[in-house]
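Next comes work10.pdb, a file with PDB, C-alpha atoms and all ligand atoms.
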```pdb
MODEL        1
ATOM      1  CA  MET Y   1     -27.486  -7.845  22.519
ATOM      2  CA  THR Y   2     -25.169  -7.557  19.578
ATOM      3  CA  ARG Y   3     -22.290  -5.163  19.872
ATOM      4  CA  PRO Y   4     -21.614  -2.888  16.885
ATOM      5  CA  PRO Y   5     -18.598  -4.364  15.112
ATOM      6  CA  ILE Y   6     -16.053  -1.578  15.620
ATOM      7  CA  ARG Y   7     -12.730  -2.866  14.410
ATOM      8  CA  VAL Y   8      -9.307  -1.279  14.672
ATOM      9  CA  GLY Y   9      -6.749  -0.941  11.904
ATOM     10  CA  LEU Y  10      -3.100  -0.040  12.460
ATOM     11  CA  ASP Y  11      -0.807   1.116   9.693
ATOM     12  CA  ILE Y  12       2.668   0.763  11.204
ATOM     13  CA  GLY Y  13       5.283   2.538   9.107
ATOM     14  CA  GLY Y  14       8.904   3.527   9.588
ATOM     15  CA  THR Y  15       8.026   7.050  10.752
ATOM     16  CA  LYS Y  16       4.453   6.921  12.034
ATOM     17  CA  VAL Y  17       1.755   4.621  13.332
ATOM     18  CA  LEU Y  18      -1.746   5.457  12.137
ATOM     19  CA  ALA Y  19      -4.658   3.826  13.958
ATOM     20  CA  VAL Y  20      -8.287   4.028  12.857
ATOM     21  CA  ALA Y  21     -11.533   2.637  14.220
ATOM     22  CA  VAL Y  22     -13.961   1.615  11.497
ATOM     23  CA  ASP Y  23     -17.580   0.508  11.417
ATOM     24  CA  GLY Y  24     -18.777  -2.549   9.530
ATOM     25  CA  ALA Y  25     -18.975  -0.630   6.261
ATOM     26  CA  GLY Y  26     -15.417   0.670   6.503
ATOM     27  CA  GLY Y  27     -16.387   4.188   7.613
ATOM     28  CA  VAL Y  28     -13.749   5.811   9.830
ATOM     29  CA  LEU Y  29     -15.070   6.641  13.328
ATOM     30  CA  ALA Y  30     -11.844   7.924  14.882
ATOM     31  CA  GLY Y  31      -8.119   8.090  14.227
ATOM     32  CA  VAL Y  32      -4.875   8.382  16.185
ATOM     33  CA  ARG Y  33      -1.394   9.130  14.905
ATOM     34  CA  LEU Y  34       1.776   8.343  16.879
ATOM     35  CA  ALA Y  35       5.489   8.438  16.089
ATOM     36  CA  SER Y  36       7.012   5.033  15.290
ATOM     37  CA  GLU Y  37       9.698   3.480  17.409
ATOM     38  CA  SER Y  38      12.230   0.919  16.313
ATOM     39  CA  GLY Y  39      12.815  -2.553  17.739
ATOM     40  CA  PRO Y  40      10.408  -5.435  18.499
ATOM     41  CA  ASP Y  41       9.445  -4.379  22.050
ATOM     42  CA  ARG Y  42       8.889  -0.746  21.077
ATOM     43  CA  VAL Y  43       6.829  -1.673  17.999
ATOM     44  CA  VAL Y  44       4.495  -3.674  20.257
ATOM     45  CA  ARG Y  45       4.384  -0.908  22.879
ATOM     46  CA  VAL Y  46       3.490   1.870  20.413
ATOM     47  CA  ALA Y  47       0.853  -0.330  18.741
ATOM     48  CA  THR Y  48      -0.685  -1.077  22.152
ATOM     49  CA  THR Y  49      -0.728   2.624  23.034
ATOM     50  CA  ALA Y  50      -2.434   3.407  19.722
ATOM     51  CA  VAL Y  51      -5.245   0.909  20.437
ATOM     52  CA  THR Y  52      -5.690   2.259  23.982
ATOM     53  CA  GLU Y  53      -5.832   5.878  22.787
ATOM     54  CA  LEU Y  54      -8.327   4.961  20.113
ATOM     55  CA  ALA Y  55     -10.629   3.409  22.743
ATOM     56  CA  LEU Y  56     -10.305   6.598  24.840
ATOM     57  CA  ARG Y  57     -11.122   8.711  21.786
ATOM     58  CA  LEU Y  58     -14.254   6.614  21.226
ATOM     59  CA  GLY Y  59     -15.156   6.714  24.917
ATOM     60  CA  VAL Y  60     -15.304   2.924  25.263
ATOM     61  CA  GLU Y  61     -13.358   0.295  27.170
ATOM     62  CA  ARG Y  62     -10.575  -1.314  25.133
ATOM     63  CA  SER Y  63     -12.290  -4.664  25.646
ATOM     64  CA  ALA Y  64     -15.407  -3.309  23.907
ATOM     65  CA  LEU Y  65     -13.538  -3.093  20.614
ATOM     66  CA  GLY Y  66     -13.660  -5.861  18.043
ATOM     67  CA  GLY Y  67     -10.519  -7.259  16.480
ATOM     68  CA  VAL Y  68      -7.330  -5.444  15.587
ATOM     69  CA  GLY Y  69      -5.814  -5.659  12.104
ATOM     70  CA  VAL Y  70      -2.251  -4.558  11.488
ATOM     71  CA  GLY Y  71      -0.657  -3.543   8.203
ATOM     72  CA  VAL Y  72       3.112  -3.535   8.386
ATOM     73  CA  PRO Y  73       6.017  -3.389   5.912
ATOM     74  CA  GLY Y  74       8.246  -6.439   5.748
ATOM     75  CA  LEU Y  75       7.753 -10.141   5.343
ATOM     76  CA  VAL Y  76       4.483 -11.197   6.974
ATOM     77  CA  ASP Y  77       3.132 -14.678   7.547
ATOM     78  CA  ALA Y  78      -0.564 -13.785   7.638
ATOM     79  CA  ALA Y  79      -1.441 -17.262   8.914
ATOM     80  CA  ASN Y  80       0.387 -16.845  12.238
ATOM     81  CA  GLY Y  81       1.025 -13.096  12.435
ATOM     82  CA  MET Y  82       4.830 -13.364  12.343
ATOM     83  CA  LEU Y  83       6.763 -10.375  11.026
ATOM     84  CA  SER Y  84      10.353 -10.500   9.811
ATOM     85  CA  HIS Y  85      12.770  -8.485   7.656
ATOM     86  CA  ALA Y  86      11.104  -5.185   8.535
ATOM     87  CA  VAL Y  87      14.295  -3.117   8.318
ATOM     88  CA  ASN Y  88      12.568   0.239   8.944
ATOM     89  CA  LEU Y  89      11.112  -1.106  12.199
ATOM     90  CA  GLY Y  90      14.298  -2.716  13.489
ATOM     91  CA  VAL Y  91      12.909  -6.233  13.099
ATOM     92  CA  GLY Y  92      15.361  -8.623  11.502
ATOM     93  CA  SER Y  93      15.439 -12.244  10.447
ATOM     94  CA  ASP Y  94      14.718 -13.401  14.035
ATOM     95  CA  GLY Y  95      11.228 -12.061  13.531
ATOM     96  CA  LEU Y  96       8.550 -10.737  15.842
ATOM     97  CA  ALA Y  97       5.415 -12.672  16.824
ATOM     98  CA  LEU Y  98       3.417  -9.479  16.346
ATOM     99  CA  ALA Y  99      -0.103 -10.942  16.408
ATOM    100  CA  GLU Y 100       0.593 -13.023  19.515
ATOM    101  CA  ARG Y 101       2.297 -10.207  21.435
ATOM    102  CA  LEU Y 102      -0.283  -7.558  20.534
ATOM    103  CA  GLN Y 103      -3.066  -9.973  21.404
ATOM    104  CA  ALA Y 104      -1.478 -10.466  24.837
ATOM    105  CA  SER Y 105      -1.004  -6.721  25.444
ATOM    106  CA  THR Y 106      -4.472  -5.598  24.271
ATOM    107  CA  GLY Y 107      -6.632  -8.629  25.094
ATOM    108  CA  LEU Y 108      -8.096  -8.423  21.585
ATOM    109  CA  PRO Y 109      -7.821 -10.819  18.626
ATOM    110  CA  VAL Y 110      -5.166  -9.602  16.173
ATOM    111  CA  SER Y 111      -4.323 -10.294  12.555
ATOM    112  CA  VAL Y 112      -1.247  -9.067  10.689
ATOM    113  CA  GLU Y 113      -0.945  -8.333   6.995
ATOM    114  CA  ASN Y 114       1.678  -6.856   4.712
ATOM    115  CA  ASP Y 115       0.981  -3.104   4.453
ATOM    116  CA  VAL Y 116       0.631  -3.077   0.665
ATOM    117  CA  ASN Y 117      -1.875  -5.934   0.818
ATOM    118  CA  ALA Y 118      -3.797  -4.131   3.562
ATOM    119  CA  ALA Y 119      -3.857  -0.958   1.446
ATOM    120  CA  ALA Y 120      -5.037  -2.933  -1.583
ATOM    121  CA  PHE Y 121      -7.975  -4.267   0.424
ATOM    122  CA  GLY Y 122      -8.688  -0.805   1.856
ATOM    123  CA  ALA Y 123      -8.746   0.687  -1.649
ATOM    124  CA  TYR Y 124     -10.990  -2.126  -2.889
ATOM    125  CA  ARG Y 125     -13.556  -1.606  -0.151
ATOM    126  CA  GLY Y 126     -13.137   2.145   0.272
ATOM    127  CA  MET Y 127     -13.193   3.308  -3.356
ATOM    128  CA  ALA Y 128     -16.471   1.724  -4.495
ATOM    129  CA  LEU Y 129     -14.614  -1.046  -6.346
ATOM    130  CA  ASP Y 130     -16.543  -3.942  -4.787
ATOM    131  CA  GLY Y 131     -16.968  -6.847  -7.166
ATOM    132  CA  ARG Y 132     -14.126  -5.745  -9.452
ATOM    133  CA  ASP Y 133     -10.642  -7.223  -9.720
ATOM    134  CA  ILE Y 134      -8.064  -4.632  -8.731
ATOM    135  CA  ALA Y 135      -4.348  -4.116  -8.327
ATOM    136  CA  TYR Y 136      -3.040  -1.516  -5.904
ATOM    137  CA  LEU Y 137       0.326  -0.128  -6.952
ATOM    138  CA  SER Y 138       2.167   1.344  -3.980
ATOM    139  CA  ILE Y 139       4.714   3.975  -5.002
ATOM    140  CA  GLY Y 140       6.472   4.799  -1.758
ATOM    141  CA  THR Y 141       9.972   4.151  -0.479
ATOM    142  CA  GLY Y 142       9.735   0.974  -2.560
ATOM    143  CA  LEU Y 143       7.447  -0.195  -5.350
ATOM    144  CA  ALA Y 144       5.053  -3.121  -4.925
ATOM    145  CA  ALA Y 145       1.529  -4.149  -5.785
ATOM    146  CA  GLY Y 146      -1.275  -5.878  -3.911
ATOM    147  CA  LEU Y 147      -3.997  -7.842  -5.678
ATOM    148  CA  VAL Y 148      -7.672  -8.241  -4.793
ATOM    149  CA  LEU Y 149      -9.233 -10.843  -7.076
ATOM    150  CA  ASP Y 150     -12.759 -12.229  -6.699
ATOM    151  CA  GLY Y 151     -13.125 -10.059  -3.599
ATOM    152  CA  ARG Y 152     -10.156 -11.613  -1.807
ATOM    153  CA  LEU Y 153      -6.520 -10.742  -1.298
ATOM    154  CA  ARG Y 154      -4.255 -12.863  -3.481
ATOM    155  CA  ARG Y 155      -1.042 -13.370  -1.524
ATOM    156  CA  GLY Y 156       0.432 -16.107  -3.719
ATOM    157  CA  ALA Y 157       2.030 -19.442  -2.917
ATOM    158  CA  ARG Y 158       4.875 -17.804  -0.972
ATOM    159  CA  GLY Y 159       3.402 -14.416  -0.219
ATOM    160  CA  THR Y 160       5.194 -12.634  -3.062
ATOM    161  CA  ALA Y 161       2.283 -12.061  -5.445
ATOM    162  CA  GLY Y 162       2.490  -8.499  -6.739
ATOM    163  CA  GLU Y 163       6.165  -7.893  -5.916
ATOM    164  CA  ILE Y 164       6.669  -6.364  -9.345
ATOM    165  CA  GLY Y 165       9.134  -3.790  -8.005
ATOM    166  CA  HIS Y 166      11.806  -6.415  -8.593
ATOM    167  CA  VAL Y 167      10.996  -7.106 -12.212
ATOM    168  CA  SER Y 168      14.071  -5.885 -14.083
ATOM    169  CA  ILE Y 169      13.178  -3.896 -17.199
ATOM    170  CA  GLU Y 170      16.657  -2.469 -17.918
ATOM    171  CA  PRO Y 171      19.412  -5.092 -17.673
ATOM    172  CA  GLU Y 172      22.085  -2.339 -17.659
ATOM    173  CA  GLY Y 173      20.063  -0.072 -15.338
ATOM    174  CA  PRO Y 174      20.869   1.082 -11.795
ATOM    175  CA  LEU Y 175      21.678  -1.490  -9.135
ATOM    176  CA  CYS Y 176      18.705  -2.430  -6.951
ATOM    177  CA  GLY Y 177      18.821  -3.301  -3.244
ATOM    178  CA  CYS Y 178      17.827  -6.849  -4.234
ATOM    179  CA  GLY Y 179      21.038  -7.368  -6.226
ATOM    180  CA  GLN Y 180      19.563  -7.124  -9.713
ATOM    181  CA  ARG Y 181      19.949  -4.203 -12.111
ATOM    182  CA  GLY Y 182      17.223  -2.021 -13.588
ATOM    183  CA  CYS Y 183      14.375  -3.201 -11.361
ATOM    184  CA  LEU Y 184      11.214  -1.085 -11.548
ATOM    185  CA  GLU Y 185      11.820  -0.217  -7.883
ATOM    186  CA  ALA Y 186      15.310   1.112  -8.704
ATOM    187  CA  LEU Y 187      13.815   3.240 -11.505
ATOM    188  CA  VAL Y 188      10.518   4.607 -10.213
ATOM    189  CA  SER Y 189      10.008   4.173  -6.441
ATOM    190  CA  GLY Y 190       9.758   7.317  -4.311
ATOM    191  CA  SER Y 191      13.462   6.915  -3.460
ATOM    192  CA  ALA Y 192      14.415   6.533  -7.144
ATOM    193  CA  ILE Y 193      12.417   9.650  -8.069
ATOM    194  CA  ALA Y 194      14.152  11.567  -5.252
ATOM    195  CA  ARG Y 195      17.524  10.567  -6.745
ATOM    196  CA  ALA Y 196      16.487  11.859 -10.189
ATOM    197  CA  TRP Y 197      14.976  15.087  -8.839
ATOM    198  CA  PRO Y 198      16.026  16.504  -5.444
ATOM    199  CA  GLY Y 199      12.885  17.589  -3.617
ATOM    200  CA  THR Y 200       9.384  16.229  -3.408
ATOM    201  CA  ALA Y 201       7.476  14.596  -6.252
ATOM    202  CA  ALA Y 202       4.999  17.479  -5.957
ATOM    203  CA  ALA Y 203       7.827  19.971  -6.567
ATOM    204  CA  LEU Y 204       8.967  17.919  -9.561
ATOM    205  CA  PHE Y 205       5.500  18.020 -11.122
ATOM    206  CA  ARG Y 206       5.170  21.760 -10.404
ATOM    207  CA  ALA Y 207       8.539  22.504 -12.043
ATOM    208  CA  ALA Y 208       7.664  20.363 -15.052
ATOM    209  CA  SER Y 209       4.361  22.180 -15.489
ATOM    210  CA  ALA Y 210       6.161  25.519 -15.166
ATOM    211  CA  GLY Y 211       8.365  24.612 -18.129
ATOM    212  CA  ASP Y 212      11.566  23.297 -16.492
ATOM    213  CA  VAL Y 213      13.060  21.069 -19.203
ATOM    214  CA  THR Y 214      14.881  18.680 -16.832
ATOM    215  CA  ALA Y 215      11.816  18.314 -14.623
ATOM    216  CA  ALA Y 216       9.651  17.607 -17.655
ATOM    217  CA  ARG Y 217      12.070  14.881 -18.773
ATOM    218  CA  VAL Y 218      12.103  13.266 -15.299
ATOM    219  CA  ARG Y 219       8.299  13.449 -15.119
ATOM    220  CA  ARG Y 220       7.989  11.756 -18.524
ATOM    221  CA  GLN Y 221      10.372   9.036 -17.343
ATOM    222  CA  VAL Y 222       8.387   8.503 -14.114
ATOM    223  CA  ALA Y 223       5.146   8.230 -16.095
ATOM    224  CA  ARG Y 224       6.708   5.878 -18.639
ATOM    225  CA  HIS Y 225       8.052   3.522 -15.943
ATOM    226  CA  LEU Y 226       4.792   3.532 -13.977
ATOM    227  CA  ALA Y 227       2.993   2.768 -17.228
ATOM    228  CA  VAL Y 228       5.211  -0.322 -17.556
ATOM    229  CA  ALA Y 229       4.079  -1.420 -14.087
ATOM    230  CA  VAL Y 230       0.406  -0.883 -14.984
ATOM    231  CA  ARG Y 231       0.807  -2.826 -18.235
ATOM    232  CA  LEU Y 232       2.554  -5.652 -16.415
ATOM    233  CA  LEU Y 233      -0.258  -5.937 -13.860
ATOM    234  CA  VAL Y 234      -3.065  -5.871 -16.422
ATOM    235  CA  LEU Y 235      -1.364  -8.286 -18.803
ATOM    236  CA  THR Y 236      -0.686 -10.724 -15.956
ATOM    237  CA  VAL Y 237      -4.030 -10.790 -14.128
ATOM    238  CA  ASP Y 238      -6.286  -8.579 -16.292
ATOM    239  CA  VAL Y 239      -7.457  -6.485 -13.360
ATOM    240  CA  ASP Y 240     -10.239  -3.973 -14.099
ATOM    241  CA  VAL Y 241      -8.466  -1.161 -12.294
ATOM    242  CA  VAL Y 242      -4.941  -0.327 -11.147
ATOM    243  CA  VAL Y 243      -5.102   2.036  -8.166
ATOM    244  CA  LEU Y 244      -2.038   4.217  -7.617
ATOM    245  CA  GLY Y 245      -1.215   4.664  -3.931
ATOM    246  CA  GLY Y 246       1.676   5.312  -1.543
ATOM    247  CA  GLY Y 247       3.506   8.571  -0.821
ATOM    248  CA  VAL Y 248       4.112   9.539  -4.452
ATOM    249  CA  ALA Y 249       0.415   9.070  -5.268
ATOM    250  CA  GLU Y 250      -0.412  11.963  -2.929
ATOM    251  CA  LEU Y 251       0.179  13.914  -6.151
ATOM    252  CA  GLY Y 252      -3.365  12.836  -6.995
ATOM    253  CA  GLN Y 253      -4.946  13.437 -10.393
ATOM    254  CA  PRO Y 254      -1.810  14.963 -12.027
ATOM    255  CA  LEU Y 255      -0.056  11.613 -11.447
ATOM    256  CA  ARG Y 256      -2.978   9.640 -12.863
ATOM    257  CA  GLU Y 257      -3.076  11.924 -15.908
ATOM    258  CA  ALA Y 258       0.680  11.554 -16.497
ATOM    259  CA  VAL Y 259       0.503   7.753 -16.305
ATOM    260  CA  SER Y 260      -2.635   7.587 -18.470
ATOM    261  CA  GLY Y 261      -0.902   9.829 -21.017
ATOM    262  CA  ALA Y 262       2.130   7.523 -21.138
ATOM    263  CA  LEU Y 263      -0.157   4.505 -21.599
ATOM    264  CA  ARG Y 264      -1.952   6.250 -24.481
ATOM    265  CA  ARG Y 265       1.379   7.058 -26.176
ATOM    266  CA  GLN Y 266       2.611   3.463 -25.720
ATOM    267  CA  ALA Y 267      -0.607   2.178 -27.312
ATOM    268  CA  GLU Y 268      -0.268   4.388 -30.409
ATOM    269  CA  GLY Y 269       1.747   1.841 -32.332
ATOM    270  CA  SER Y 270      -0.131  -1.239 -31.107
ATOM    271  CA  ALA Y 271      -3.727  -2.037 -31.909
ATOM    272  CA  PHE Y 272      -3.448  -4.811 -29.316
ATOM    273  CA  LEU Y 273      -2.468  -2.440 -26.481
ATOM    274  CA  ALA Y 274      -5.024   0.118 -27.687
ATOM    275  CA  SER Y 275      -7.754  -2.519 -27.439
ATOM    276  CA  LEU Y 276      -6.981  -2.997 -23.733
ATOM    277  CA  ASP Y 277      -7.857   0.659 -22.993
ATOM    278  CA  LEU Y 278      -5.207   0.776 -20.264
ATOM    279  CA  SER Y 279      -5.267   4.555 -19.880
ATOM    280  CA  ALA Y 280      -8.875   4.398 -18.646
ATOM    281  CA  ARG Y 281      -8.091   1.671 -16.117
ATOM    282  CA  VAL Y 282      -5.863   3.756 -13.829
ATOM    283  CA  ASP Y 283      -7.164   5.410 -10.672
ATOM    284  CA  VAL Y 284      -5.544   7.095  -7.686
ATOM    285  CA  VAL Y 285      -6.271   6.962  -3.944
ATOM    286  CA  PRO Y 286      -8.208  10.101  -2.877
ATOM    287  CA  ALA Y 287      -6.055  12.559  -0.924
ATOM    288  CA  GLY Y 288      -5.779  11.799   2.772
ATOM    289  CA  ARG Y 289      -7.655   8.464   2.637
ATOM    290  CA  PRO Y 290      -5.755   6.086   4.994
ATOM    291  CA  VAL Y 291      -6.380   2.958   2.897
ATOM    292  CA  ALA Y 292      -3.746   0.790   4.615
ATOM    293  CA  ALA Y 293      -5.210   1.346   8.099
ATOM    294  CA  ILE Y 294      -8.781   0.960   6.813
ATOM    295  CA  GLY Y 295      -7.891  -2.239   4.945
ATOM    296  CA  ALA Y 296      -6.111  -3.653   7.998
ATOM    297  CA  ALA Y 297      -9.238  -2.977  10.078
ATOM    298  CA  LEU Y 298     -11.517  -4.658   7.541
ATOM    299  CA  LEU Y 299      -9.211  -7.699   7.522
ATOM    300  CA  ALA Y 300      -9.175  -7.870  11.340
ATOM    301  CA  PRO Y 301     -10.700 -10.854  13.122
ATOM    302  CA  ASP Y 302     -14.170 -10.087  14.410
ATOM    303  CA  GLN Y 303     -14.244 -10.721  18.154
ATOM    304  CA  GLY Y 304     -18.019 -11.095  18.178
ATOM    305  CA  ARG Y 305     -17.922 -13.984  15.725
ATOM    306  CA  GLN Y 306     -15.175 -16.005  17.339
TER     307      GLN Y 306
HETATM  308 ZN    ZN J 401      15.186  -5.324  -7.249
ENDMDL
END
```
Translate this structure into structure tokens?
Ligand SMILES: [Zn+2]
Amino acid sequence: MTRPPIRVGLDIGGTKVLAVAVDGAGGVLAGVRLASESGPDRVVRVATTAVTELALRLGVERSALGGVGVGVPGLVDAANGMLSHAVNLGVGSDGLALAERLQASTGLPVSVENDVNAAAFGAYRGMALDGRDIAYLSIGTGLAAGLVLDGRLRRGARGTAGEIGHVSIEPEGPLCGCGQRGCLEALVSGSAIARAWPGTAAALFRAASAGDVTAARVRRQVARHLAVAVRLLVLTVDVDVVVLGGGVAELGQPLREAVSGALRRQAEGSAFLASLDLSARVDVVPAGRPVAAIGAALLAPDQGRQ
């Protein structure tokens, strides 16, 4: 008898751990949300608890689940499931053998992926983009992109494909955490937007729409910088679609419209840019869709096939 391939995806962030169980088509069967804890042992413990609670929620034994996929911020070696430099999780350069430890604690096969890559795959499979080349632009605490080309994640030779947050576009711009000046991340990540406008991105957009001159200027700047990121991604890999995701993208369609508008304005003086039709190639993750957890689940090893 073949067991239905229910796989588990964990999106481990600095504040919360989101776990979902998905069917073979990527449909979400159940979800669990827990508070994150910092430090290698606690990260493993909370992740284990999330898997156990998910099994309870589904009314099955933990061993009846298929594989577990984890999406996590930081430097990930997807080949061996090692995590390092995950500052928000209290994991330093010593690293954490996350796949190995979670495999031991749950008895299930585990794979680990960078959270932006996992989200890119979740958006690809969950937003009816199958068969198209996509970039997923995560606008959260930082700014980074994940690439799905020919139906597969493109991690790059050293795992840094898509790290466009550290492309400097203003040599005299603000200092970035990476040591350079004027990086896209220093100009238009969630943290950078919060520095330019105290309060949420949603409040910024509301104030701009209500006629606040400063808010309107900041919103234009945000759109202009995100448009640079979109242009960079399309001109580098010619993806069909750039999906906006991450905390700031919870703004939804107003964010997509602002970025598309900036792309249209930038194309006004360039027949070349106009021919690329960039403004029509931007999309945004639907509200509340946990693409990182879903993508992690879809990337998980399938116990039944091992
Ligand atoms: Zn930087």
ask   = Which one is closest to ligand ZN 401 (chain J): Y:Ala292, Y:Ala50, Y:Ile169, Y:Val239? Count all atoms listed in the file.
value =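 So, comparing all the options, the nearest one is Y:Ile169.
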request  = Step by step, measure atom-to-atom distances between ligand ZN 401 (chain J) and each residue using only C-alpha atoms and all ligand atoms, keep those at most 10 Å, then write them as a VMD selection string.
outcome  = chain Y and resid 142 to 143 163 to 168 174 to 187
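Interatomic distance, CA of Ala78 in chain Y against CA of Val112 in chain Y: 5.7 Å.
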request  = Report as a ChimeraX atom specification the full result of the PyMOL selection byres (((chain Y and resi 205) around 12) and not hetatm) when it is applied to this structure.
outcome  = /Y:193,197,199-204,206-223,248-255,257-258
Picked residues, the PyMOL selection byres (((chain Y and resi 284) around 8) and not hetatm), expected as a compact mmCIF listing (two decimals) with C-alpha atoms, in the coordinates of the input:
```txt
# COMPACT_ATOMS: atom_id res chain seq x y z
CA VAL Y 243 -5.10 2.04 -8.17
CA LEU Y 244 -2.04 4.22 -7.62
CA GLY Y 245 -1.22 4.66 -3.93
CA ALA Y 249 0.42 9.07 -5.27
CA GLY Y 252 -3.36 12.84 -7.00
CA GLN Y 253 -4.95 13.44 -10.39
CA ARG Y 256 -2.98 9.64 -12.86
CA VAL Y 282 -5.86 3.76 -13.83
CA ASP Y 283 -7.16 5.41 -10.67
CA VAL Y 285 -6.27 6.96 -3.94
CA PRO Y 286 -8.21 10.10 -2.88
```
query = What's the 10 Å shell around Asp302 in chain Y, counting all atoms listed in the file, without same-chain residues fewer than 3 positions away, as an MDAnalysis selection string?
reply = chainID Y and resid 5:7 65:69 108:110 297:299 305:306
inquiry  = What would the selection look like, as a VMD selection string, if the PyMOL selection byres (((chain Y and resi 126) around 12) and not hetatm) were run on the coordinates I just shared?
reply    = chain Y and resid 22 24 to 28 118 to 125 127 to 130 243 285 to 286 289 to 298
ask   = Which residues, written as an MDAnalysis selection string, have at least one atom at most 10 Å from Ala267 in chain Y, with all atoms listed in the file counted and residues fewer than 4 positions away on the same chain left out?
value = chainID Y and resid 261:263 271:279
ask   = Interatomic distance between CA of Gly59 in chain Y and CA of Ala30 in chain Y?
value =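 That distance, rounded to one decimal, is 10.6 Å.
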message = At a cut-off of 8 Å, using only C-alpha atoms, what residues contact Gly13 in chain Y? Leave out same-chain residues fewer than 4 positions from it and give the result as a list in words.
response = Val17, Ser36, Val72, Pro73, Asn88 and Leu89 of chain Y
Writer output for current selection, C-alpha atoms, as a JSON list (two decimals), in the coordinates of the input:
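Saved result, again.json, follows:
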```json
[["chain", "number", "residue", "atom", "x", "y", "z"],
["Y", 17, "VAL", "CA", 1.76, 4.62, 13.33],
["Y", 36, "SER", "CA", 7.01, 5.03, 15.29],
["Y", 72, "VAL", "CA", 3.11, -3.54, 8.39],
["Y", 73, "PRO", "CA", 6.02, -3.39, 5.91],
["Y", 88, "ASN", "CA", 12.57, 0.24, 8.94],
["Y", 89, "LEU", "CA", 11.11, -1.11, 12.20]]
```
request  = Take CA of Gly81 in chain Y and CA of Ala97 in chain Y and report the distance between them in Å, one decimal.
outcome  =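 Computed distance, CA of Gly81 in chain Y to CA of Ala97 in chain Y, equals 6.2 Å.
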request  = Between Y:Ala300, Y:Tyr136, Y:Ala21, Y:Leu149, single out the one closest to Gly162 in chain Y, counting only C-alpha atoms.
outcome  =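 Going through Y:Ala300, Y:Tyr136, Y:Ala21, Y:Leu149 one by one, the smallest distance to Gly162 in chain Y is for Y:Tyr136.
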message = With distances taken over all atoms listed in the file, which residue among Y:Val32, Y:Gly140, Y:Arg158, Y:Ile12 lies nearest Ala192 in chain Y?
response =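 Ranked by minimum distance to Ala192 in chain Y, first place goes to Y:Gly140.
Once Ala161 in chain Y and its same-chain neighbours fewer than 5 positions away are set aside, Ala145, Gly146, Leu147, Arg154, Arg155 and Gly156 of chain Y remain within 8 Å of it when counting all atoms listed in the file.
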Contacts of Met82 in chain Y at 10 Å (only C-alpha atoms; same-chain gap of 5+ positions) as an mmCIF file with C-alpha atoms, keeping the file's coordinate frame:
```cif
data_model
loop_
_atom_site.group_PDB
_atom_site.id
_atom_site.type_symbol
_atom_site.label_atom_id
_atom_site.label_comp_id
_atom_site.auth_asym_id
_atom_site.auth_seq_id
_atom_site.Cartn_x
_atom_site.Cartn_y
_atom_site.Cartn_z
ATOM 1 C CA LEU Y 75 7.753 -10.141 5.343
ATOM 2 C CA VAL Y 76 4.483 -11.197 6.974
ATOM 3 C CA ASP Y 77 3.132 -14.678 7.547
ATOM 4 C CA GLY Y 95 11.228 -12.061 13.531
ATOM 5 C CA LEU Y 96 8.550 -10.737 15.842
ATOM 6 C CA ALA Y 97 5.415 -12.672 16.824
ATOM 7 C CA LEU Y 98 3.417 -9.479 16.346
ATOM 8 C CA ALA Y 99 -0.103 -10.942 16.408
ATOM 9 C CA GLU Y 100 0.593 -13.023 19.515
ATOM 10 C CA ARG Y 101 2.297 -10.207 21.435
ATOM 11 C CA SER Y 111 -4.323 -10.294 12.555
ATOM 12 C CA VAL Y 112 -1.247 -9.067 10.689
ATOM 13 C CA GLU Y 113 -0.945 -8.333 6.995
#
```
Start from the incomplete input, build N, CA, C and O atoms for range 183-189 of chain Y, and deliver everything as a short mmCIF file (atom, residue, chain, number, x, y, z; two decimals), in the frame of the given file.
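The new file part12.cif reads:
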```
data_model
loop_
_atom_site.label_atom_id
_atom_site.label_comp_id
_atom_site.auth_asym_id
_atom_site.auth_seq_id
_atom_site.Cartn_x
_atom_site.Cartn_y
_atom_site.Cartn_z
N CYS Y 183 15.70 -2.85 -11.87
CA CYS Y 183 14.38 -3.20 -11.36
C CYS Y 183 13.47 -1.97 -11.43
O CYS Y 183 13.93 -0.84 -11.29
N LEU Y 184 12.18 -2.19 -11.59
CA LEU Y 184 11.21 -1.08 -11.55
C LEU Y 184 11.41 -0.26 -10.28
O LEU Y 184 11.37 0.97 -10.31
N GLU Y 185 11.64 -0.94 -9.15
CA GLU Y 185 11.82 -0.22 -7.88
C GLU Y 185 13.04 0.71 -7.91
O GLU Y 185 13.02 1.78 -7.31
N ALA Y 186 14.10 0.29 -8.63
CA ALA Y 186 15.31 1.11 -8.70
C ALA Y 186 15.10 2.28 -9.67
O ALA Y 186 15.87 3.23 -9.68
N LEU Y 187 14.06 2.21 -10.49
CA LEU Y 187 13.82 3.24 -11.50
C LEU Y 187 12.71 4.22 -11.10
O LEU Y 187 12.77 5.39 -11.44
N VAL Y 188 11.69 3.74 -10.38
CA VAL Y 188 10.52 4.61 -10.21
C VAL Y 188 9.84 4.55 -8.83
O VAL Y 188 8.72 5.01 -8.67
N SER Y 189 10.55 4.05 -7.80
CA SER Y 189 10.01 4.17 -6.44
C SER Y 189 10.15 5.63 -6.00
O SER Y 189 10.81 6.42 -6.68
#
```
